[in-house]
file structure_32.pdb (PDB, C-alpha atoms)
ATOM      1  CA  MET N   1       4.854 -15.835  -2.597
ATOM      2  CA  THR N   2       4.435 -14.451  -6.138
ATOM      3  CA  ILE N   3       0.696 -13.898  -5.700
ATOM      4  CA  GLY N   4       1.327 -12.236  -2.329
ATOM      5  CA  ILE N   5       3.730  -9.761  -3.922
ATOM      6  CA  ALA N   6       1.153  -9.009  -6.620
ATOM      7  CA  LEU N   7      -1.537  -8.412  -3.976
ATOM      8  CA  ALA N   8       0.672  -5.994  -2.008
ATOM      9  CA  LEU N   9       1.848  -4.182  -5.123
ATOM     10  CA  GLY N  10      -1.711  -3.799  -6.408
ATOM     11  CA  ALA N  11      -2.757  -2.221  -3.125
ATOM     12  CA  VAL N  12       0.085   0.329  -3.302
ATOM     13  CA  ILE N  13      -0.758   1.270  -6.887
ATOM     14  CA  GLY N  14      -4.473   1.586  -6.137
ATOM     15  CA  VAL N  15      -3.856   3.804  -3.114
ATOM     16  CA  MET N  16      -1.553   6.143  -5.032
ATOM     17  CA  LEU N  17      -4.008   6.402  -7.934
ATOM     18  CA  GLY N  18      -6.861   7.146  -5.547
ATOM     19  CA  LEU N  19      -4.912   9.765  -3.578
ATOM     20  CA  LEU N  20      -2.831  11.482  -6.230
ATOM     21  CA  GLY N  21      -4.359  10.573  -9.594
ATOM     22  CA  GLY N  22      -1.191   8.689 -10.535
ATOM     23  CA  GLY N  23       2.272   7.762  -9.314
ATOM     24  CA  GLY N  24       1.889   4.207  -8.023
ATOM     25  CA  SER N  25       2.229   2.660 -11.464
ATOM     26  CA  ILE N  26       5.849   3.820 -11.610
ATOM     27  CA  LEU N  27       6.709   0.916  -9.259
ATOM     28  CA  ALA N  28       4.740  -1.766 -11.089
ATOM     29  CA  VAL N  29       7.171  -2.693 -13.853
ATOM     30  CA  PRO N  30      10.349  -2.884 -11.711
ATOM     31  CA  ALA N  31       8.468  -4.861  -9.058
ATOM     32  CA  LEU N  32       7.175  -7.340 -11.637
ATOM     33  CA  VAL N  33      10.673  -7.679 -13.111
ATOM     34  CA  TYR N  34      12.722  -7.895  -9.901
ATOM     35  CA  LEU N  35      10.287  -9.305  -7.334
ATOM     36  CA  VAL N  36       8.064 -11.536  -9.464
ATOM     37  CA  GLY N  37      10.783 -12.513 -11.946
ATOM     38  CA  LEU N  38       9.069 -11.571 -15.223
ATOM     39  CA  ASP N  39      10.838 -10.123 -18.237
ATOM     40  CA  ILE N  40       9.980  -6.560 -19.177
ATOM     41  CA  GLY N  41       7.976  -7.687 -22.208
ATOM     42  CA  GLN N  42       5.524  -9.421 -19.851
ATOM     43  CA  ALA N  43       5.668  -6.775 -17.130
ATOM     44  CA  ILE N  44       4.647  -3.812 -19.310
ATOM     45  CA  PRO N  45       1.242  -5.081 -20.557
ATOM     46  CA  MET N  46       0.422  -6.524 -17.119
ATOM     47  CA  SER N  47       1.202  -3.172 -15.530
ATOM     48  CA  LEU N  48      -1.000  -1.394 -18.069
ATOM     49  CA  ILE N  49      -3.950  -3.725 -17.408
ATOM     50  CA  VAL N  50      -3.752  -3.081 -13.678
ATOM     51  CA  VAL N  51      -3.251   0.664 -14.000
ATOM     52  CA  GLY N  52      -6.020   1.020 -16.576
ATOM     53  CA  ILE N  53      -8.637  -0.890 -14.586
ATOM     54  CA  ALA N  54      -7.728   0.731 -11.264
ATOM     55  CA  SER N  55      -7.857   4.172 -12.897
ATOM     56  CA  ALA N  56     -11.280   3.431 -14.405
ATOM     57  CA  VAL N  57     -12.637   2.471 -11.001
ATOM     58  CA  GLY N  58     -11.042   5.492  -9.367
ATOM     59  CA  ALA N  59     -12.495   7.780 -12.042
ATOM     60  CA  VAL N  60     -16.116   6.785 -11.341
ATOM     61  CA  PRO N  61     -16.582   8.952  -8.206
ATOM     62  CA  LYS N  62     -14.815  11.841  -9.967
ATOM     63  CA  VAL N  63     -17.194  11.595 -12.915
ATOM     64  CA  LEU N  64     -20.224  11.417 -10.628
ATOM     65  CA  ALA N  65     -18.960  14.507  -8.775
ATOM     66  CA  ARG N  66     -18.388  16.265 -12.129
ATOM     67  CA  GLN N  67     -14.710  16.669 -11.324
ATOM     68  CA  VAL N  68     -13.588  15.919 -14.883
ATOM     69  CA  GLN N  69     -12.728  18.141 -17.830
ATOM     70  CA  TRP N  70     -13.942  15.924 -20.670
ATOM     71  CA  ARG N  71     -12.640  17.984 -23.573
ATOM     72  CA  LEU N  72      -9.114  18.135 -22.173
ATOM     73  CA  ALA N  73      -9.207  14.378 -21.536
ATOM     74  CA  ALA N  74     -10.264  13.862 -25.158
ATOM     75  CA  ILE N  75      -7.391  16.013 -26.452
ATOM     76  CA  PHE N  76      -4.841  14.130 -24.347
ATOM     77  CA  ALA N  77      -6.304  10.772 -25.432
ATOM     78  CA  ALA N  78      -6.441  11.691 -29.118
ATOM     79  CA  THR N  79      -2.742  12.549 -29.098
ATOM     80  CA  GLY N  80      -1.687   9.995 -26.502
ATOM     81  CA  ILE N  81      -3.200   6.861 -28.055
ATOM     82  CA  PRO N  82      -1.213   6.960 -31.327
ATOM     83  CA  ALA N  83       1.893   7.955 -29.353
ATOM     84  CA  THR N  84       1.337   4.908 -27.115
ATOM     85  CA  VAL N  85       1.214   2.635 -30.163
ATOM     86  CA  LEU N  86       4.406   4.250 -31.471
ATOM     87  CA  GLY N  87       6.120   3.813 -28.099
ATOM     88  CA  THR N  88       5.190   0.120 -28.078
ATOM     89  CA  ALA N  89       6.640  -0.358 -31.560
ATOM     90  CA  ILE N  90       9.888   1.348 -30.547
ATOM     91  CA  GLY N  91      10.121  -0.654 -27.325
ATOM     92  CA  ARG N  92       9.916  -3.966 -29.188
ATOM     93  CA  HIS N  93      13.212  -3.167 -30.913
ATOM     94  CA  LEU N  94      15.086  -2.169 -27.761
ATOM     95  CA  PRO N  95      16.938  -4.678 -25.524
ATOM     96  CA  GLN N  96      15.771  -5.084 -21.937
ATOM     97  CA  PRO N  97      18.804  -3.289 -20.358
ATOM     98  CA  VAL N  98      18.089  -0.203 -22.483
ATOM     99  CA  LEU N  99      14.415  -0.200 -21.509
ATOM    100  CA  LEU N 100      15.226  -0.658 -17.829
ATOM    101  CA  THR N 101      17.788   2.149 -17.916
ATOM    102  CA  GLY N 102      15.278   4.436 -19.603
ATOM    103  CA  PHE N 103      12.640   3.422 -17.091
ATOM    104  CA  ALA N 104      14.953   4.285 -14.199
ATOM    105  CA  LEU N 105      15.557   7.741 -15.665
ATOM    106  CA  VAL N 106      11.789   8.240 -15.991
ATOM    107  CA  MET N 107      11.484   7.302 -12.322
ATOM    108  CA  VAL N 108      14.029   9.958 -11.379
ATOM    109  CA  VAL N 109      12.075  12.573 -13.327
ATOM    110  CA  ALA N 110       8.868  11.421 -11.624
ATOM    111  CA  GLY N 111      10.439  11.696  -8.175
ATOM    112  CA  ILE N 112      11.760  15.183  -8.875
ATOM    113  CA  ARG N 113       8.315  16.265 -10.100
ATOM    114  CA  MET N 114       6.710  14.980  -6.897
ATOM    115  CA  LEU N 115       9.169  16.912  -4.728
ATOM    116  CA  GLN N 116       8.824  20.131  -6.733
ATOM    117  CA  ASP N 117       5.026  20.321  -6.518
ATOM    118  CA  LYS N 118       4.320  23.573  -4.665
ATOM    119  CA  GLY N 119       0.626  23.809  -5.453
ATOM    120  CA  ASP N 120       1.080  26.623  -7.993
ATOM    121  CA  THR N 121      -1.260  26.746 -10.974
ATOM    122  CA  GLY N 122      -0.748  27.890 -14.523
ATOM    123  CA  THR N 123      -3.048  30.063 -16.595
ATOM    124  CA  ALA N 124      -2.686  28.772 -20.167
ATOM    125  CA  CYS N 125      -6.238  27.397 -20.341
ATOM    126  CA  ARG N 126      -8.043  30.017 -18.276
ATOM    127  CA  ALA N 127     -10.316  32.652 -19.736
ATOM    128  CA  GLY N 128     -11.380  35.830 -17.988
ATOM    129  CA  ASP N 129     -14.824  34.545 -17.041
ATOM    130  CA  GLY N 130     -13.439  31.422 -15.367
ATOM    131  CA  GLY N 131     -14.008  29.225 -18.414
ATOM    132  CA  ILE N 132     -11.420  27.682 -20.728
ATOM    133  CA  ASN N 133      -9.798  29.455 -23.662
ATOM    134  CA  TRP N 134      -9.549  26.524 -26.091
ATOM    135  CA  ARG N 135      -7.548  28.488 -28.668
ATOM    136  CA  ARG N 136      -4.695  28.718 -26.147
ATOM    137  CA  CYS N 137      -5.383  25.512 -24.258
ATOM    138  CA  ALA N 138      -5.653  22.889 -27.016
ATOM    139  CA  PRO N 139      -2.267  23.577 -28.709
ATOM    140  CA  ARG N 140      -0.500  23.409 -25.316
ATOM    141  CA  SER N 141      -2.211  20.122 -24.456
ATOM    142  CA  ILE N 142      -1.075  18.286 -27.592
ATOM    143  CA  PRO N 143       2.693  18.050 -26.793
ATOM    144  CA  ALA N 144       1.946  16.894 -23.241
ATOM    145  CA  GLY N 145      -0.410  14.210 -24.563
ATOM    146  CA  LEU N 146       2.215  12.991 -27.027
ATOM    147  CA  ILE N 147       4.932  12.694 -24.369
ATOM    148  CA  VAL N 148       2.688  10.863 -21.910
ATOM    149  CA  GLY N 149       1.461   8.449 -24.593
ATOM    150  CA  LEU N 150       4.974   7.684 -25.796
ATOM    151  CA  MET N 151       6.120   6.803 -22.268
ATOM    152  CA  THR N 152       3.030   4.664 -21.703
ATOM    153  CA  GLY N 153       3.880   2.530 -24.718
ATOM    154  CA  LEU N 154       7.604   2.367 -23.991
ATOM    155  CA  PHE N 155       7.591   1.744 -20.256
ATOM    156  CA  GLY N 156       4.071   0.697 -19.201
ATOM    157  CA  VAL N 157       3.501   3.669 -16.895
ATOM    158  CA  GLY N 158       0.181   5.468 -16.623
ATOM    159  CA  GLY N 159       1.847   8.868 -16.778
ATOM    160  CA  GLY N 160      -0.133  10.480 -13.977
ATOM    161  CA  PHE N 161       3.066  11.972 -12.545
ATOM    162  CA  LEU N 162       3.314  14.027 -15.750
ATOM    163  CA  ILE N 163      -0.374  14.509 -16.548
ATOM    164  CA  ILE N 164      -1.176  16.124 -13.191
ATOM    165  CA  PRO N 165       1.642  18.738 -13.399
ATOM    166  CA  ALA N 166       0.754  19.427 -17.046
ATOM    167  CA  LEU N 167      -2.904  20.030 -16.198
ATOM    168  CA  VAL N 168      -2.255  22.061 -13.043
ATOM    169  CA  LEU N 169       1.048  23.878 -13.587
ATOM    170  CA  MET N 170       0.966  24.395 -17.334
ATOM    171  CA  LEU N 171      -2.751  24.588 -18.140
ATOM    172  CA  GLY N 172      -4.217  25.967 -14.912
ATOM    173  CA  VAL N 173      -6.724  23.199 -14.145
ATOM    174  CA  GLU N 174      -7.801  23.004 -10.493
ATOM    175  CA  MET N 175      -6.340  20.017  -8.619
ATOM    176  CA  PRO N 176      -9.604  18.066  -8.018
ATOM    177  CA  ILE N 177     -10.495  18.369 -11.719
ATOM    178  CA  ALA N 178      -6.921  17.477 -12.721
ATOM    179  CA  VAL N 179      -7.013  14.224 -10.716
ATOM    180  CA  GLY N 180     -10.284  13.088 -12.301
ATOM    181  CA  THR N 181      -9.172  14.100 -15.795
ATOM    182  CA  SER N 182      -5.813  12.373 -15.303
ATOM    183  CA  LEU N 183      -7.528   9.099 -14.422
ATOM    184  CA  LEU N 184      -9.566   9.180 -17.655
ATOM    185  CA  ILE N 185      -6.446   9.886 -19.720
ATOM    186  CA  ILE N 186      -4.620   6.998 -18.024
ATOM    187  CA  VAL N 187      -7.517   4.645 -18.870
ATOM    188  CA  ALA N 188      -7.395   5.600 -22.570
ATOM    189  CA  ASN N 189      -3.612   5.346 -22.888
ATOM    190  CA  SER N 190      -3.419   2.102 -20.906
ATOM    191  CA  ALA N 191      -6.070   0.466 -23.095
ATOM    192  CA  ALA N 192      -4.139   1.485 -26.211
ATOM    193  CA  GLY N 193      -0.941   0.138 -24.683
ATOM    194  CA  VAL N 194      -2.473  -3.235 -23.814
ATOM    195  CA  VAL N 195      -3.906  -3.652 -27.326
ATOM    196  CA  SER N 196      -0.607  -2.716 -28.957
ATOM    197  CA  HIS N 197       1.265  -5.213 -26.749
ATOM    198  CA  LEU N 198      -1.012  -8.135 -27.583
ATOM    199  CA  GLY N 199       0.896 -10.826 -29.384
ATOM    200  CA  GLY N 200       4.075 -10.026 -27.467
ATOM    201  CA  GLY N 201       5.088 -11.586 -24.160
ATOM    202  CA  GLY N 202       2.550 -13.840 -22.463
ATOM    203  CA  ILE N 203       0.427 -12.386 -19.667
ATOM    204  CA  ASP N 204       0.233 -14.311 -16.381
ATOM    205  CA  TRP N 205      -3.474 -13.912 -15.662
ATOM    206  CA  ALA N 206      -3.318 -15.265 -12.096
ATOM    207  CA  ILE N 207      -0.800 -12.595 -11.071
ATOM    208  CA  THR N 208      -2.649  -9.925 -13.066
ATOM    209  CA  THR N 209      -5.993 -10.769 -11.444
ATOM    210  CA  ALA N 210      -4.512 -10.595  -7.938
ATOM    211  CA  PHE N 211      -2.853  -7.323  -8.890
ATOM    212  CA  VAL N 212      -6.106  -5.835 -10.220
ATOM    213  CA  GLY N 213      -8.212  -6.915  -7.241
ATOM    214  CA  THR N 214      -6.193  -5.144  -4.570
ATOM    215  CA  ALA N 215      -5.535  -2.148  -6.844
ATOM    216  CA  ILE N 216      -9.295  -1.596  -7.173
ATOM    217  CA  VAL N 217      -9.829  -1.891  -3.426
ATOM    218  CA  GLY N 218      -6.893   0.424  -2.713
ATOM    219  CA  SER N 219      -8.139   3.000  -5.214
ATOM    220  CA  LEU N 220     -11.671   3.035  -3.766
ATOM    221  CA  VAL N 221     -10.504   3.229  -0.146
ATOM    222  CA  ALA N 222      -7.962   5.967  -0.900
ATOM    223  CA  GLY N 223     -10.494   7.932  -2.927
ATOM    224  CA  HIS N 224     -12.939   7.816  -0.019
ATOM    225  CA  TYR N 225     -10.537   8.675   2.797
ATOM    226  CA  GLY N 226      -7.976  10.679   0.842
ATOM    227  CA  THR N 227      -9.293  14.066   1.935
ATOM    228  CA  LYS N 228      -8.370  13.242   5.538
ATOM    229  CA  LEU N 229      -4.706  12.495   4.802
ATOM    230  CA  ASP N 230      -1.689  14.723   4.297
ATOM    231  CA  THR N 231      -1.179  13.843   0.634
ATOM    232  CA  LYS N 232       1.752  16.274   0.303
ATOM    233  CA  ARG N 233       3.772  14.387   2.889
ATOM    234  CA  LEU N 234       2.763  11.060   1.359
ATOM    235  CA  GLN N 235       3.851  12.271  -2.069
ATOM    236  CA  ARG N 236       7.210  13.386  -0.675
ATOM    237  CA  TRP N 237       7.946  10.026   0.966
ATOM    238  CA  PHE N 238       6.781   8.197  -2.134
ATOM    239  CA  ALA N 239       9.233  10.271  -4.195
ATOM    240  CA  TYR N 240      12.085   9.107  -1.964
ATOM    241  CA  LEU N 241      11.000   5.482  -2.471
ATOM    242  CA  VAL N 242      10.957   6.032  -6.232
ATOM    243  CA  PHE N 243      14.557   7.349  -6.091
ATOM    244  CA  VAL N 244      15.695   4.251  -4.177
ATOM    245  CA  VAL N 245      14.064   1.871  -6.669
ATOM    246  CA  ALA N 246      15.480   3.850  -9.616
ATOM    247  CA  ALA N 247      18.982   3.636  -8.133
ATOM    248  CA  TYR N 248      18.638  -0.132  -7.716
ATOM    249  CA  VAL N 249      17.415  -0.586 -11.296
ATOM    250  CA  LEU N 250      20.320   1.466 -12.657
ATOM    251  CA  ALA N 251      22.895  -0.320 -10.514
ATOM    252  CA  ASP N 252      21.562  -3.750 -11.460
ATOM    253  CA  THR N 253      21.320  -2.916 -15.163
ATOM    254  CA  ILE N 254      24.645  -1.129 -15.588
ATOM    255  CA  PHE N 255      26.968  -2.723 -13.018
ATOM    256  CA  LEU N 256      25.576  -6.129 -12.033
ATOM    257  CA  ARG N 257      24.714  -7.613 -15.418
TER     258      ARG N 257
END

call {"tool": "encode", "arguments": {"input": "structure_32.pdb", "output": "structure tokens"}}
result
Amino acid sequence: MTIGIALALGAVIGVMLGLLGGGGSILAVPALVYLVGLDIGQAIPMSLIVVGIASAVGAVPKVLARQVQWRLAAIFAATGIPATVLGTAIGRHLPQPVLLTGFALVMVVAGIRMLQDKGDTGTACRAGDGGINWRRCAPRSIPAGLIVGLMTGLFGVGGGFLIIPALVLMLGVEMPIAVGTSLLIIVANSAAGVVSHLGGGGIDWAITTAFVGTAIVGSLVAGHYGTKLDTKRLQRWFAYLVFVVAAYVLADTIFLR
């Protein structure tokens, strides 16, 4: 039963990463806590392992297609990795109800972001010749990288639901490039999060392996067929699911404990 849940959850996460460059990982921690029965100290590093590996696999076709902005990914990673370590350190001193409440609020923000996506693009990083103005772009990337890294360490989320809007809406990166760049940033932050969580709660490798296997398959299949699907509608329905899960986490944490 437990392995079956991990297999199904991995498939969902992989599909969302392949289609949208993020999003599916927002369900990993609550599912591991409520469906598999793990404590949040175990769930966070397991979630990060799955998200990191699935993102790495999903990034390969983007890299081969040159749909990645390497310098922006490096800026996000350089700021996000130390923030991830800091988030992990803070999370170790917070009780599980506080972390779960914070996680639920992050889920609400993620759902709102998914529903608000209108396909607009920003201009902060664009130069007149179609290149990137790094004098304007780099300083605007640093705060976004810090926020995403902090949440990765605290809650075990990849942060794609924030990275994509930051790249597209704030910095003006085209959507295909934003998805590929987001996946690379998620890999870097997830790796930092896993390392900083080592020595904490034990990792159930059987569940993690099942999780990773279907996440990789889901990411590859979604990446291949994603152009044929209405990703906007999928994102909208996924946002509604995120709201439902967030409401359950809040109700369970605040009223049922």

call {"tool": "resolve_selection", "arguments": {"input": "structure_32.pdb", "expression": "the PyMOL selection byres ((chain N and resi 29-42) around 10)", "output": "MDAnalysis selection string"}}
result
chainID N and resid 1:6 9 25:28 43:48 91:92 95:97 99:100 103:104 155:157 197 200:204 207 245:246 248:249 252

call {"tool": "residues_near_point", "arguments": {"input": "structure_32.pdb", "point": "(7.1, 11.1, -13.9)", "cutoff": "9 Å", "atoms": "only C-alpha atoms", "output": "list in words"}}
result
Gly23, Ile26, Val106, Met107, Val108, Val109, Ala110, Gly111, Ile112, Arg113, Met114, Val157, Gly159, Gly160, Phe161, Leu162 and Ile163 of chain N

call {"tool": "resolve_selection", "arguments": {"input": "structure_32.pdb", "expression": "the PyMOL selection byres ((chain N and resi 154) around 6)", "output": "JSON list (two decimals) with C-alpha atoms, keeping the file's coordinate frame"}}
result
[["chain", "number", "residue", "atom", "x", "y", "z"],
["N", 87, "GLY", "CA", 6.12, 3.81, -28.10],
["N", 88, "THR", "CA", 5.19, 0.12, -28.08],
["N", 91, "GLY", "CA", 10.12, -0.65, -27.32],
["N", 151, "MET", "CA", 6.12, 6.80, -22.27],
["N", 152, "THR", "CA", 3.03, 4.66, -21.70],
["N", 153, "GLY", "CA", 3.88, 2.53, -24.72],
["N", 155, "PHE", "CA", 7.59, 1.74, -20.26]]

call {"tool": "atom_distance", "arguments": {"input": "structure_32.pdb", "atom1": "CA of Val168 in chain N", "atom2": "CA of Gly145 in chain N"}}
result
14.1 Å

call {"tool": "closest_residue", "arguments": {"input": "structure_32.pdb", "among": "N:Ile254, N:Val12, N:Ala191, N:Ala65", "to": "Gly149 in chain N", "atoms": "all atoms listed in the file"}}
result
N:Ala191

call {"tool": "axis_aligned_box", "arguments": {"input": "structure_32.pdb", "around": "range 213-218 of chain N", "padding_each_side": "4 Å", "output": "JSON"}}
result
{"center_x": -7.7, "center_y": -3.2, "center_z": -5.0, "size_x": 12.3, "size_y": 15.3, "size_z": 12.5}

call {"tool": "closest_residue", "arguments": {"input": "structure_32.pdb", "among": "N:Thr253, N:Ser141, N:Ser219, N:Thr101", "to": "Val60 in chain N", "atoms": "only C-alpha atoms"}}
result
N:Ser219

call {"tool": "residues_around", "arguments": {"input": "structure_32.pdb", "residues": "Ile177 in chain N", "least_positions_apart": "4", "cutoff": "10 Å", "atoms": "all atoms listed in the file", "output": "list of chain:residue names"}}
result
N:Lys62, N:Val63, N:Ala65, N:Arg66, N:Gln67, N:Val68, N:Gln69, N:Trp70, N:Ile164, N:Leu167, N:Val168, N:Val173, N:Thr181, N:Ser182

call {"tool": "write_last_selection", "arguments": {"input": "structure_32.pdb", "atoms": "C-alpha atoms", "output": "compact mmCIF listing (two decimals), in the coordinates of the input"}}
result
# COMPACT_ATOMS: atom_id res chain seq x y z
CA LYS N 62 -14.82 11.84 -9.97
CA VAL N 63 -17.19 11.60 -12.92
CA ALA N 65 -18.96 14.51 -8.78
CA ARG N 66 -18.39 16.26 -12.13
CA GLN N 67 -14.71 16.67 -11.32
CA VAL N 68 -13.59 15.92 -14.88
CA GLN N 69 -12.73 18.14 -17.83
CA TRP N 70 -13.94 15.92 -20.67
CA ILE N 164 -1.18 16.12 -13.19
CA LEU N 167 -2.90 20.03 -16.20
CA VAL N 168 -2.26 22.06 -13.04
CA VAL N 173 -6.72 23.20 -14.14
CA THR N 181 -9.17 14.10 -15.80
CA SER N 182 -5.81 12.37 -15.30

call {"tool": "build_atoms", "arguments": {"input": "structure_32.pdb", "residues": "range 150-163 of chain N", "atoms": "N, CA and C atoms", "output": "PDB file, keeping the file's coordinate frame"}}
result
ATOM      1  N   LEU N 150       3.735   8.358 -25.398  1.00  0.00           N
ATOM      2  CA  LEU N 150       4.974   7.684 -25.796  1.00  0.00           C
ATOM      3  C   LEU N 150       5.564   6.899 -24.628  1.00  0.00           C
ATOM      4  N   MET N 151       5.573   7.492 -23.442  1.00  0.00           N
ATOM      5  CA  MET N 151       6.120   6.803 -22.268  1.00  0.00           C
ATOM      6  C   MET N 151       5.243   5.636 -21.845  1.00  0.00           C
ATOM      7  N   THR N 152       3.922   5.766 -22.031  1.00  0.00           N
ATOM      8  CA  THR N 152       3.030   4.664 -21.703  1.00  0.00           C
ATOM      9  C   THR N 152       3.359   3.443 -22.555  1.00  0.00           C
ATOM     10  N   GLY N 153       3.552   3.645 -23.842  1.00  0.00           N
ATOM     11  CA  GLY N 153       3.880   2.530 -24.718  1.00  0.00           C
ATOM     12  C   GLY N 153       5.259   1.952 -24.464  1.00  0.00           C
ATOM     13  N   LEU N 154       6.227   2.821 -24.193  1.00  0.00           N
ATOM     14  CA  LEU N 154       7.604   2.367 -23.991  1.00  0.00           C
ATOM     15  C   LEU N 154       7.790   1.629 -22.675  1.00  0.00           C
ATOM     16  N   PHE N 155       7.235   2.208 -21.592  1.00  0.00           N
ATOM     17  CA  PHE N 155       7.591   1.744 -20.256  1.00  0.00           C
ATOM     18  C   PHE N 155       6.431   1.175 -19.445  1.00  0.00           C
ATOM     19  N   GLY N 156       5.200   1.269 -19.942  1.00  0.00           N
ATOM     20  CA  GLY N 156       4.071   0.697 -19.201  1.00  0.00           C
ATOM     21  C   GLY N 156       3.651   1.504 -18.000  1.00  0.00           C
ATOM     22  N   VAL N 157       3.916   2.813 -18.005  1.00  0.00           N
ATOM     23  CA  VAL N 157       3.501   3.669 -16.895  1.00  0.00           C
ATOM     24  C   VAL N 157       2.240   4.427 -17.303  1.00  0.00           C
ATOM     25  N   GLY N 158       1.404   4.734 -16.319  1.00  0.00           N
ATOM     26  CA  GLY N 158       0.181   5.468 -16.623  1.00  0.00           C
ATOM     27  C   GLY N 158       0.442   6.905 -16.999  1.00  0.00           C
ATOM     28  N   GLY N 159       1.479   7.495 -16.438  1.00  0.00           N
ATOM     29  CA  GLY N 159       1.847   8.868 -16.778  1.00  0.00           C
ATOM     30  C   GLY N 159       1.194   9.927 -15.917  1.00  0.00           C
ATOM     31  N   GLY N 160       0.522   9.501 -14.836  1.00  0.00           N
ATOM     32  CA  GLY N 160      -0.133  10.480 -13.977  1.00  0.00           C
ATOM     33  C   GLY N 160       0.832  11.486 -13.372  1.00  0.00           C
ATOM     34  N   PHE N 161       2.080  11.063 -13.140  1.00  0.00           N
ATOM     35  CA  PHE N 161       3.066  11.972 -12.545  1.00  0.00           C
ATOM     36  C   PHE N 161       3.435  13.101 -13.503  1.00  0.00           C
ATOM     37  N   LEU N 162       3.128  12.945 -14.797  1.00  0.00           N
ATOM     38  CA  LEU N 162       3.314  14.027 -15.750  1.00  0.00           C
ATOM     39  C   LEU N 162       2.000  14.715 -16.118  1.00  0.00           C
ATOM     40  N   ILE N 163       0.916  13.937 -16.158  1.00  0.00           N
ATOM     41  CA  ILE N 163      -0.374  14.509 -16.548  1.00  0.00           C
ATOM     42  C   ILE N 163      -0.831  15.546 -15.523  1.00  0.00           C
TER      43      ILE N 163
END
